[in-house]
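Have a look at query.cif below; it lists mmCIF, C-alpha atoms.
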data_input
#
loop_
_atom_site.label_atom_id
_atom_site.label_comp_id
_atom_site.auth_asym_id
_atom_site.auth_seq_id
_atom_site.Cartn_x
_atom_site.Cartn_y
_atom_site.Cartn_z
CA MET A 28 24.13 0.89 -2.11
CA ALA A 29 24.28 4.61 -1.39
CA ASN A 30 27.41 6.46 -2.42
CA ARG A 31 29.11 7.95 0.64
CA ASP A 32 29.60 11.30 -1.07
CA ASP A 33 25.91 11.41 -1.96
CA VAL A 34 24.94 10.66 1.64
CA ALA A 35 27.29 13.35 2.91
CA ASP A 36 25.82 15.88 0.48
CA ALA A 37 22.28 14.88 1.48
CA ALA A 38 23.14 15.38 5.15
CA GLY A 39 23.91 19.01 4.41
CA LEU A 40 20.50 19.79 2.89
CA LYS A 41 18.42 22.47 4.56
CA TRP A 42 15.50 21.15 6.61
CA ASP A 43 12.72 22.42 4.34
CA LEU A 44 14.39 21.11 1.18
CA ARG A 45 15.07 17.79 2.85
CA GLN A 46 11.36 17.40 3.71
CA ARG A 47 10.33 18.10 0.14
CA LEU A 48 12.85 15.64 -1.27
CA LYS A 49 11.76 12.97 1.23
CA LEU A 50 8.19 13.37 0.01
CA LEU A 51 9.43 13.19 -3.58
CA GLU A 52 11.32 10.00 -2.81
CA GLY A 53 8.45 8.49 -0.85
CA THR A 54 6.02 9.21 -3.69
CA LEU A 55 8.38 7.55 -6.18
CA LEU A 56 8.60 4.52 -3.95
CA LEU A 57 4.85 4.21 -3.55
CA THR A 58 3.59 5.04 -7.04
CA GLY A 59 6.64 4.72 -9.29
CA TRP A 60 6.25 8.25 -10.68
CA VAL A 61 5.89 11.86 -9.59
CA ARG A 62 5.18 15.24 -11.19
CA THR A 63 6.78 18.58 -10.38
CA GLN A 64 3.29 19.88 -9.56
CA ALA A 65 3.13 17.53 -6.56
CA LEU A 66 5.73 19.61 -4.72
CA VAL A 67 4.05 22.86 -5.81
CA ASP A 68 0.64 21.79 -4.50
CA THR A 69 1.82 20.13 -1.31
CA PHE A 70 4.33 22.70 -0.09
CA GLY A 71 3.00 25.87 -1.70
CA ILE A 72 6.27 26.60 -3.52
CA SER A 73 6.76 28.02 -7.00
CA ARG A 74 7.11 25.77 -10.02
CA ALA A 75 10.63 27.12 -10.50
CA GLN A 76 11.54 26.06 -6.95
CA ALA A 77 9.99 22.63 -7.51
CA SER A 78 12.02 22.18 -10.70
CA LYS A 79 15.13 23.21 -8.79
CA ASP A 80 14.30 20.60 -6.12
CA PHE A 81 14.12 17.90 -8.79
CA ALA A 82 17.44 19.07 -10.23
CA ILE A 83 19.07 18.89 -6.79
CA TYR A 84 17.69 15.40 -6.21
CA MET A 85 18.85 14.18 -9.61
CA GLY A 86 22.28 15.67 -8.90
CA LEU A 87 22.48 13.57 -5.75
CA ARG A 88 20.90 10.44 -7.23
CA PRO A 89 21.10 10.66 -11.06
CA ASP A 90 20.19 7.01 -11.60
CA ASN A 91 16.95 7.16 -9.59
CA LEU A 92 14.83 9.21 -12.00
CA ALA A 93 14.01 9.29 -15.69
CA TYR A 94 11.73 11.84 -17.33
CA ASN A 95 8.84 10.42 -19.37
CA LYS A 96 8.23 13.04 -22.08
CA SER A 97 4.96 11.56 -23.33
CA ARG A 98 3.37 11.45 -19.87
CA LYS A 99 5.23 14.50 -18.54
CA TYR A 100 6.36 13.03 -15.26
CA TYR A 101 9.45 11.52 -13.64
CA GLU A 102 9.62 7.76 -13.26
CA ALA A 103 11.62 5.64 -10.83
CA THR A 104 14.22 3.62 -12.71
CA SER A 105 15.04 -0.02 -12.14
CA GLU A 106 18.24 1.18 -10.39
CA PHE A 107 16.26 3.20 -7.84
CA VAL A 108 18.01 3.27 -4.45
CA PRO A 109 16.63 5.56 -1.71
CA LEU A 110 18.85 8.41 -0.62
CA LEU A 111 16.88 10.05 2.17
CA LEU A 112 14.54 7.30 3.35
CA THR A 113 16.04 4.72 5.66
CA GLY A 114 13.51 1.88 5.51
CA LYS A 115 11.50 2.74 8.62
CA ALA A 116 7.81 1.87 8.43
CA SER A 117 6.92 5.29 9.86
CA GLU A 118 8.45 7.00 6.81
CA LEU A 119 5.96 5.26 4.56
CA LEU A 120 3.12 6.38 6.81
CA GLU A 121 4.39 9.97 6.73
CA ALA A 122 4.55 9.92 2.92
CA LEU A 123 1.01 8.56 2.67
CA GLN A 124 -0.31 11.13 5.12
CA ALA A 125 1.32 13.95 3.19
CA LEU A 126 -0.09 12.68 -0.11
CA GLN A 127 -3.62 12.51 1.35
CA MET A 128 -3.64 15.92 3.04
CA PRO A 129 -6.37 18.20 1.62
CA ASP A 130 -4.34 21.36 2.28
CA ALA A 131 -0.69 22.23 2.02
CA PRO A 132 1.11 21.75 5.35
CA VAL A 133 1.86 24.77 7.49
CA VAL A 134 4.95 24.54 9.68
CA THR A 135 5.29 26.98 12.56
CA LEU A 136 8.41 27.44 14.64
CA ALA A 137 8.30 29.07 18.06
CA ALA A 138 11.16 30.44 20.13
CA THR A 139 9.83 28.71 23.24
CA VAL A 140 8.11 25.33 23.30
CA PRO A 141 7.00 23.09 26.17
CA ALA A 142 9.13 20.13 27.15
CA ILE A 143 7.89 17.09 25.27
CA ALA A 144 8.66 13.38 25.64
CA LEU A 145 7.50 10.90 23.00
CA ILE A 146 7.29 7.13 23.25
CA LYS A 147 7.14 5.31 19.93
CA PRO A 148 6.81 1.60 19.17
CA MET A 149 9.83 -0.20 17.79
CA GLU A 150 10.21 0.38 14.06
CA ARG A 151 9.76 -2.42 11.54
CA GLU A 152 12.12 -2.41 8.59
CA LEU A 153 10.73 -2.56 5.05
CA ASP A 154 12.55 -4.01 2.05
CA TRP A 155 12.64 -1.44 -0.75
CA HIS A 156 12.43 -3.92 -3.61
CA THR A 157 9.50 -5.75 -2.07
CA LEU A 158 7.67 -2.51 -1.34
CA ARG A 159 8.14 -1.31 -4.92
CA VAL A 160 6.79 -4.58 -6.36
CA VAL A 161 3.84 -4.57 -3.95
CA SER A 162 3.06 -0.94 -4.72
CA SER A 163 3.30 -1.57 -8.48
CA ALA A 164 1.01 -4.60 -8.16
CA LEU A 165 -1.53 -2.49 -6.28
CA CYS A 166 -1.41 0.45 -8.69
CA GLN A 167 -1.43 -1.70 -11.83
CA GLN A 168 -3.80 -4.34 -10.42
CA ARG A 169 -1.45 -7.20 -11.21
CA LYS A 170 -0.38 -10.38 -9.43
CA PHE A 171 3.04 -10.87 -7.87
CA THR A 172 5.01 -13.76 -6.44
CA VAL A 173 6.93 -13.67 -3.18
CA ALA A 174 8.35 -16.03 -0.55
CA TYR A 175 6.41 -15.49 2.68
CA GLN A 176 7.51 -16.45 6.18
CA SER A 177 4.35 -17.40 8.02
CA MET A 178 4.48 -17.75 11.80
CA ASN A 179 2.76 -21.12 11.37
CA ARG A 180 5.51 -22.66 9.22
CA PRO A 181 9.25 -23.14 9.88
CA GLU A 182 10.27 -22.12 6.34
CA PRO A 183 9.07 -19.50 3.81
CA THR A 184 6.43 -20.51 1.28
CA GLU A 185 6.17 -19.06 -2.22
CA LEU A 186 2.82 -17.36 -2.73
CA ILE A 187 1.01 -15.88 -5.72
CA LEU A 188 -0.86 -12.83 -4.46
CA SER A 189 -3.40 -10.38 -5.87
CA PRO A 190 -3.25 -7.37 -3.53
CA HIS A 191 -6.09 -4.86 -3.45
CA SER A 192 -5.30 -2.70 -0.40
CA LEU A 193 -2.32 -1.54 1.62
CA VAL A 194 -3.09 -1.36 5.34
CA TYR A 195 -1.36 0.29 8.30
CA SER A 196 -2.79 -1.30 11.43
CA GLY A 197 -1.24 1.13 13.88
CA TYR A 198 1.84 -0.99 14.46
CA ARG A 199 2.73 -2.65 11.14
CA TRP A 200 2.06 -2.65 7.38
CA HIS A 201 0.29 -5.44 5.58
CA ILE A 202 -1.59 -6.00 2.34
CA ARG A 203 -5.05 -7.41 1.89
CA ALA A 204 -4.76 -9.84 -0.99
CA TYR A 205 -6.23 -12.90 -2.64
CA SER A 206 -3.83 -15.82 -2.37
CA ASP A 207 -3.81 -18.31 -5.25
CA THR A 208 -2.09 -20.70 -2.86
CA HIS A 209 -4.76 -20.53 -0.14
CA LYS A 210 -7.69 -19.85 -2.50
CA GLU A 211 -8.96 -17.06 -0.25
CA TYR A 212 -8.43 -13.46 0.80
CA ARG A 213 -5.93 -12.99 3.61
CA ASP A 214 -3.60 -10.45 5.21
CA PHE A 215 0.13 -10.60 4.49
CA VAL A 216 2.65 -8.62 6.54
CA LEU A 217 5.19 -6.76 4.40
CA ALA A 218 8.03 -7.43 6.83
CA ARG A 219 7.51 -11.20 6.45
CA MET A 220 8.05 -11.18 2.70
CA ARG A 221 11.46 -12.64 1.92
CA GLY A 222 13.75 -12.69 -1.11
CA ARG A 223 12.93 -11.02 -4.43
CA ALA A 224 9.28 -10.37 -5.17
CA THR A 225 8.35 -10.66 -8.85
CA LEU A 226 5.59 -8.70 -10.59
CA TRP A 227 3.45 -10.68 -13.07
CA ASP A 228 1.77 -9.51 -16.26
CA GLU A 229 -1.37 -11.40 -15.22
CA PRO A 230 -4.26 -9.23 -13.92
CA ALA A 231 -4.93 -9.47 -10.20
CA ILE A 232 -8.08 -11.00 -8.80
CA SER A 233 -10.25 -8.09 -7.70
CA ALA A 234 -11.63 -7.33 -4.25
CA LYS A 235 -15.26 -7.73 -5.38
CA ASP A 236 -15.64 -11.09 -3.62
CA ASP A 237 -13.73 -10.12 -0.49
CA THR A 238 -16.76 -10.11 1.78
CA ALA A 239 -14.79 -9.48 4.97
CA TRP A 240 -13.28 -6.37 3.38
CA LYS A 241 -16.54 -4.98 2.01
CA THR A 242 -18.61 -5.67 5.14
CA GLU A 243 -18.59 -3.04 7.88
CA VAL A 244 -19.07 -3.99 11.52
CA ALA A 245 -20.20 -1.75 14.37
CA ILE A 246 -17.87 -1.93 17.37
CA VAL A 247 -19.41 -0.54 20.54
CA ILE A 248 -17.01 0.76 23.18
CA ALA A 249 -17.86 2.03 26.67
CA PRO A 250 -16.12 2.79 29.99
CA HIS A 251 -15.62 -0.23 32.21
CA PRO A 252 -18.91 -0.72 34.10
CA ASP A 253 -17.12 -1.47 37.39
CA LEU A 254 -15.51 1.99 37.54
CA PRO A 255 -17.10 4.71 39.68
CA VAL A 256 -19.65 6.85 37.85
CA ALA A 257 -17.39 9.94 37.92
CA GLN A 258 -14.50 7.99 36.35
CA GLN A 259 -16.80 6.55 33.69
CA ALA A 260 -17.95 10.08 32.87
CA ILE A 261 -14.42 11.40 32.40
CA LEU A 262 -13.54 8.45 30.16
CA ALA A 263 -16.68 9.02 28.09
CA GLU A 264 -15.67 12.66 27.66
CA ASP A 265 -12.07 11.70 26.88
CA TYR A 266 -13.17 9.40 24.04
CA GLY A 267 -15.99 11.64 22.79
CA MET A 268 -18.66 9.10 23.65
CA VAL A 269 -22.37 9.81 23.28
CA ASP A 270 -24.67 8.49 26.01
CA GLY A 271 -21.71 6.62 27.48
CA GLN A 272 -20.81 4.76 24.29
CA SER A 273 -18.76 5.14 21.12
CA ILE A 274 -19.73 3.23 17.98
CA GLN A 275 -16.93 2.69 15.49
CA ARG A 276 -17.71 1.25 12.06
CA ILE A 277 -14.77 -0.89 10.94
CA ARG A 278 -14.22 -3.20 7.98
CA GLN A 279 -14.70 -6.76 9.20
CA ALA A 280 -11.21 -7.72 8.01
CA LEU A 281 -9.72 -4.94 10.15
CA VAL A 282 -11.64 -5.65 13.36
CA PRO A 283 -8.86 -7.68 15.06
CA TYR A 284 -6.32 -4.92 14.39
CA PHE A 285 -8.60 -2.21 15.75
CA LEU A 286 -9.33 -4.17 18.93
CA ARG A 287 -5.62 -4.79 19.47
CA LEU A 288 -4.80 -1.14 18.88
CA MET A 289 -7.43 -0.07 21.43
CA GLN A 290 -6.38 -2.88 23.80
CA ILE A 291 -9.89 -4.29 24.05
CA GLU A 292 -9.32 -7.74 22.55
CA PRO A 293 -11.70 -10.11 24.39
CA GLU A 294 -8.99 -12.64 25.24
CA ARG A 295 -6.55 -10.00 26.51
CA GLN A 296 -8.76 -7.76 28.63
CA HIS A 297 -7.39 -7.11 32.10
CA PRO A 298 -9.63 -7.99 35.07
CA ASP A 299 -8.79 -4.75 36.91
CA PRO A 300 -11.12 -1.94 35.68
CA LYS A 301 -8.48 0.66 36.56
CA VAL A 302 -6.22 -1.01 34.00
CA GLN A 303 -8.92 -2.03 31.51
CA GLN A 304 -10.65 1.34 31.49
CA ILE A 305 -12.69 0.81 28.31
CA VAL A 306 -14.39 -2.37 27.18
CA LEU A 307 -15.97 -3.96 24.12
CA VAL A 308 -19.73 -3.87 24.71
CA ASN A 309 -20.94 -6.11 21.86
CA ARG A 310 -18.42 -8.85 22.56
CA ALA A 311 -20.74 -11.73 21.59
CA GLU A 312 -21.18 -10.21 18.12
CA ILE A 313 -17.53 -9.33 17.54
CA GLU A 314 -15.68 -12.27 19.09
CA PRO A 315 -16.35 -14.66 16.14
CA LEU A 316 -14.53 -12.16 13.88
CA MET A 317 -11.26 -12.45 15.78
CA TRP A 318 -8.26 -14.37 14.48
CA GLY A 319 -8.76 -18.12 14.57
#

As structure tokens:
Amino acid sequence: MANRDDVADAAGLKWDLRQRLKLLEGTLLLTGWVRTQALVDTFGISRAQASKDFAIYMGLRPDNLAYNKSRKYYEATSEFVPLLLTGKASELLEALQALQMPDAPVVTLAATVPAIALIKPMERELDWHTLRVVSSALCQQRKFTVAYQSMNRPEPTELILSPHSLVYSGYRWHIRAYSDTHKEYRDFVLARMRGRATLWDEPAISAKDDTAWKTEVAIVIAPHPDLPVAQQAILAEDYGMVDGQSIQRIRQALVPYFLRLMQIEPERQHPDPKVQQIVLVNRAEIEPLMWG
């Protein structure tokens, strides 16, 4: 558990320093290690400032980091407990986005900004220990064991999983993994993993035979045909369609998530074209790929 004094000290951090330390912590959580250069490259700060950031973090959470002299990076210890991250799924997404950005972020502050209202979906909580084991299994290509609460069973079932990809579907995190229990590749929601996950020394089964993951499917989207021509035109412009259609190439395993995110699932489409403004054109081809 977090020490109250540490939390109080962390609350007093300046905004820019807090953002850098959150990225540091998120990187540790995802990969298990981080170099000083990561802060230099991402935020455009000096190496001296990055080293100072690490020193500040270690002063607040001395048991979280250990320096590996042979590999010249900091490692997360077995006692790692987040200081700045709270367990929200969005924080993991923010850390991944920052790590994948081709350029250092530029933050601009204006004296006057327009009034803005944001609506966000309800957050899903992530268990730190489970996330660390899952991330380690992915990075090291190893199996892990975890109790999983399926929505089809009343009680959790212990599974042996070989994860190959971490997926954010737009509303939740899951892994794509081979299940020794089911003898097939499936999706497993992180929030449904219960208890203490355990990393194995045994190599994971690779993704080479995951046909649904390796196969791409073309999803054709268009304005609802029952809308007036002028309304169809504005929707086509809004979605950047060409000749009244947009073709999205999606991994077969991710098709159901994409359709749900775009609200064009065949079984959930609304009969009113003013509500169901865009539709799935190649429904006959895509429908067999839906869940069940």

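Point (-0.9, -8.1, 8.7) has the following residues at most 9 Å away: Val194, Tyr195, Ser196, Arg199, Trp200, His201, Ile202, Arg203, Arg213, Asp214, Phe215, Val216, Leu217 and Tyr284 of chain A (atoms considered: only C-alpha atoms).
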
Quick one: everything within 9 Å of Gln167 (chain A), counting all atoms listed in the file, minus sequence neighbours fewer than 5 positions away in the same chain. Send it as a CSV table (one decimal) with C-alpha atoms, keeping the file's coordinate frame.
chain,number,residue,atom,x,y,z
A,162,SER,CA,3.1,-0.9,-4.7
A,230,PRO,CA,-4.3,-9.2,-13.9
A,231,ALA,CA,-4.9,-9.5,-10.2

Task: Point (5.6, 12.2, -13.3) neighbourhood (12 Å, only C-alpha atoms) written as a VMD selection string - done: chain A and resid 51 54 to 55 58 to 66 81 92 to 103

Open item on the list: If the PyMOL selection byres ((chain A and resi 298-308) around 12) were run on this exact file, what residues would it hold? Put them as an MDAnalysis selection string.
Closed with: chainID A and resid 245:255 258:263 265:266 268 271:275 282 285:287 289:297 309:314

Open item on the list: Report, in Å with one decimal, the straight-line distance from CA of Pro148 (chain A) to CA of Val244 (chain A).
Closed with: 27.6 Å

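The space between CA of Gly39 (chain A) and CA of Ala77 (chain A) spans 18.7 Å.
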
Tell me which protein, DNA and RNA residues are within 10 Å of Thr238 (chain A), counting only C-alpha atoms, leaving out same-chain ones fewer than 6 positions away, and put them as an mmCIF file with C-alpha atoms, in the coordinates of the input.
data_model
loop_
_atom_site.group_PDB
_atom_site.id
_atom_site.type_symbol
_atom_site.label_atom_id
_atom_site.label_comp_id
_atom_site.auth_asym_id
_atom_site.auth_seq_id
_atom_site.Cartn_x
_atom_site.Cartn_y
_atom_site.Cartn_z
ATOM 1 C CA TYR A 212 -8.430 -13.460 0.800
ATOM 2 C CA ARG A 278 -14.220 -3.200 7.980
ATOM 3 C CA GLN A 279 -14.700 -6.760 9.200
ATOM 4 C CA ALA A 280 -11.210 -7.720 8.010
#

- [ ] Kindly resolve the PyMOL selection byres ((chain A and resi 170-176) around 6) on the present coordinates and return the residues as a VMD selection string.
- [x] chain A and resid 169 177 183 to 189 219 to 221 224 to 227 229 231

Open item on the list: Taking all atoms listed in the file into account, name the residue in A:Leu48, A:Ile72, A:Val160, A:Leu112 that is nearest to Tyr84 (chain A).
Closed with: A:Leu48
